[in-house]
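Structure data (compact mmCIF, C-alpha atoms) from run_29.txt:
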```
# COMPACT_ATOMS: atom_id res chain seq x y z
CA TYR A 1 -33.68 -18.58 -0.66
CA ILE A 2 -32.80 -19.30 -4.25
CA LEU A 3 -36.46 -19.35 -5.18
CA LEU A 4 -36.87 -15.90 -3.62
CA ILE A 5 -33.81 -14.34 -5.26
CA TRP A 6 -34.33 -15.31 -8.91
CA PRO A 7 -37.64 -13.41 -9.37
CA LEU A 8 -35.97 -10.30 -7.93
CA LEU A 9 -33.09 -10.66 -10.37
CA ILE A 10 -35.49 -10.96 -13.28
CA ILE A 11 -37.48 -7.92 -12.13
CA PHE A 12 -34.34 -5.83 -11.67
CA TYR A 13 -32.96 -6.96 -15.03
CA LYS A 14 -36.15 -6.34 -17.01
CA PHE A 15 -37.16 -3.17 -15.16
CA PRO A 16 -33.97 -1.37 -14.01
CA TYR A 17 -35.91 1.69 -12.86
CA PHE A 18 -36.73 -0.21 -9.63
CA LEU A 19 -33.06 0.13 -8.70
CA PRO A 20 -31.67 3.32 -7.18
CA ARG A 21 -30.19 5.71 -9.74
CA ASN A 22 -26.57 5.20 -8.76
CA MET A 23 -26.80 1.38 -8.67
CA LYS A 24 -26.60 -0.68 -11.82
CA LEU A 25 -27.24 -4.38 -12.06
CA ASN A 26 -23.72 -5.63 -12.56
CA LYS A 27 -21.81 -8.81 -11.88
CA GLU A 28 -20.91 -7.78 -8.34
CA ILE A 29 -24.54 -7.43 -7.27
CA LEU A 30 -25.38 -10.79 -8.84
CA LYS A 31 -22.39 -12.33 -7.06
CA TYR A 32 -23.59 -11.13 -3.66
CA LEU A 33 -27.17 -12.22 -4.29
CA SER A 34 -26.01 -15.69 -5.25
CA LEU A 35 -23.78 -15.75 -2.17
CA LEU A 36 -26.83 -14.94 -0.05
CA GLY A 37 -28.73 -17.84 -1.58
CA ASN A 38 -25.79 -20.17 -0.99
CA LEU A 39 -25.54 -19.14 2.66
CA GLY A 40 -29.15 -20.10 3.33
CA PHE A 41 -28.69 -23.41 1.54
CA ILE A 42 -25.52 -24.19 3.52
CA VAL A 43 -27.16 -23.50 6.89
CA MET A 44 -30.25 -25.51 6.03
CA SER A 45 -28.37 -28.48 4.59
CA ASN A 46 -25.92 -28.76 7.51
CA ILE A 47 -28.69 -28.71 10.10
CA LEU A 48 -30.74 -31.25 8.11
CA VAL A 49 -27.73 -33.57 7.83
CA SER A 50 -27.20 -33.37 11.59
CA ILE A 51 -30.88 -34.21 12.17
CA PHE A 52 -30.57 -37.16 9.80
CA LEU A 53 -27.50 -38.41 11.66
CA TYR A 54 -29.42 -38.11 14.94
CA LYS A 55 -32.28 -40.16 13.48
CA VAL A 56 -29.79 -42.89 12.56
CA TYR A 57 -28.36 -42.72 16.07
CA GLU A 58 -31.86 -42.85 17.55
CA ARG A 59 -32.73 -45.97 15.55
CA PHE A 60 -29.80 -47.93 16.99
CA PHE A 61 -29.46 -46.50 20.51
CA GLY A 62 -32.85 -45.00 21.40
CA PHE A 63 -34.11 -41.51 22.14
CA ASN A 64 -31.92 -39.08 24.06
CA SER A 65 -32.74 -35.37 24.05
CA LEU A 66 -29.24 -34.33 25.16
CA ILE A 67 -27.69 -36.11 22.18
CA PHE A 68 -30.26 -34.40 19.93
CA ILE A 69 -29.18 -30.99 21.20
CA ILE A 70 -25.51 -31.94 20.69
CA PHE A 71 -26.20 -33.02 17.10
CA ILE A 72 -28.08 -29.76 16.39
CA LEU A 73 -25.20 -27.74 17.86
CA PHE A 74 -22.71 -29.63 15.68
CA GLY A 75 -24.91 -28.85 12.66
CA ILE A 76 -25.00 -25.15 13.51
CA ILE A 77 -21.26 -25.00 14.19
CA SER A 78 -20.45 -26.78 10.93
CA ALA A 79 -22.82 -24.45 9.06
CA PHE A 80 -21.10 -21.35 10.38
CA TYR A 81 -17.68 -22.85 9.67
CA ASN A 82 -18.68 -23.58 6.07
CA ILE A 83 -20.09 -20.07 5.71
CA TYR A 84 -16.80 -18.64 7.01
CA LYS A 85 -14.85 -20.70 4.47
CA LEU A 86 -17.16 -19.58 1.67
CA ILE A 87 -16.95 -15.89 2.56
CA MET A 88 -13.17 -15.95 2.95
CA LYS A 89 -12.70 -17.64 -0.43
```
Would you mind writing the file's structure down as structure tokens?
Amino acid sequence: YILLIWPLLIIFYKFPYFLPRNMKLNKEILKYLSLLGNLGFIVMSNILVSIFLYKVYERFFGFNSLIFIIFILFGIISAFYNIYKLIMK
């Protein structure tokens, strides 16, 4: 997400006529765009950590698809919890 947002910021900063007339590129817009990039990173990193933890579990105890689903659900739940904490900050 971060790689997709930065080119847009540069385009909007260099060529402000792409923005609507009543919208200026100010700190608030940049804040929300960076928040959007952070949200994607948080979701992706939490799910990847849960997959990594499952791979460690799988190495010691063997394959179990139910445990894999549980680990993925924990990753998703922790991602949404971290997003909630970030938004409410």
Inset, instruction - Please provide as a list of chain:residue names all residues within 9 Å of Leu73 of chain A, with the sequence filter that same-chain residues fewer than 4 positions apart are discarded (counting only C-alpha atoms). - result: A:Ile47, A:Ser50, A:Phe68, A:Ile69, A:Ile77, A:Ser78
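Interatomic distance, atom CA of Met44 of chain A against atom CA of Ile76 of chain A: 9.1 Å.
A straight line drawn from atom CA of Phe52 of chain A to atom CA of Leu66 of chain A is 15.7 Å long.
Atom to atom, atom CA of Phe63 of chain A and atom CA of Ile51 of chain A stand 12.8 Å apart.
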Legend entry - Ile83 of chain A environment, 9 Å, all atoms listed in the file, sequence neighbours closer than 6 positions dropped, as an MDAnalysis selection string: chainID A and resid 38:39 42:43
Enclose all atoms of segment 63-73 of chain A listed in the file in an axis-aligned box, grow every side by 3 Å, and hand back centre and edge lengths in Å to one decimal, as JSON.
```
{"center_x": -29.7, "center_y": -34.6, "center_z": 20.8, "size_x": 14.9, "size_y": 19.8, "size_z": 14.8}
```
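With all atoms listed in the file as the atoms that count, the minimum distance from Ile72 of chain A to the choices A:Leu30, A:Ile87, A:Val56, A:Leu48 is reached by A:Leu48.
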Tell me, as a PDB file with C-alpha atoms, in the frame of the given file, which residues lie within 10 Å of Ile67 of chain A, counting all atoms listed in the file; anything in the same chain fewer than 6 positions away does not count.
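Saved result, part.pdb, follows:
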```
ATOM      1  CA  TYR A  54     -29.420 -38.110  14.940  1.00  0.00           C
ATOM      2  CA  TYR A  57     -28.360 -42.720  16.070  1.00  0.00           C
ATOM      3  CA  GLU A  58     -31.860 -42.850  17.550  1.00  0.00           C
ATOM      4  CA  LEU A  73     -25.200 -27.740  17.860  1.00  0.00           C
TER       5      LEU A  73
END
```
Inset, instruction - Place a sphere of radius 12 Å on (-16.1, -17.7, -0.4) in the file coordinates and name every protein, DNA or RNA residue with an atom inside or on its surface, counting all atoms listed in the file; give the answer as a VMD selection string. - result: chain A and resid 31 to 32 34 to 36 38 to 39 81 to 89
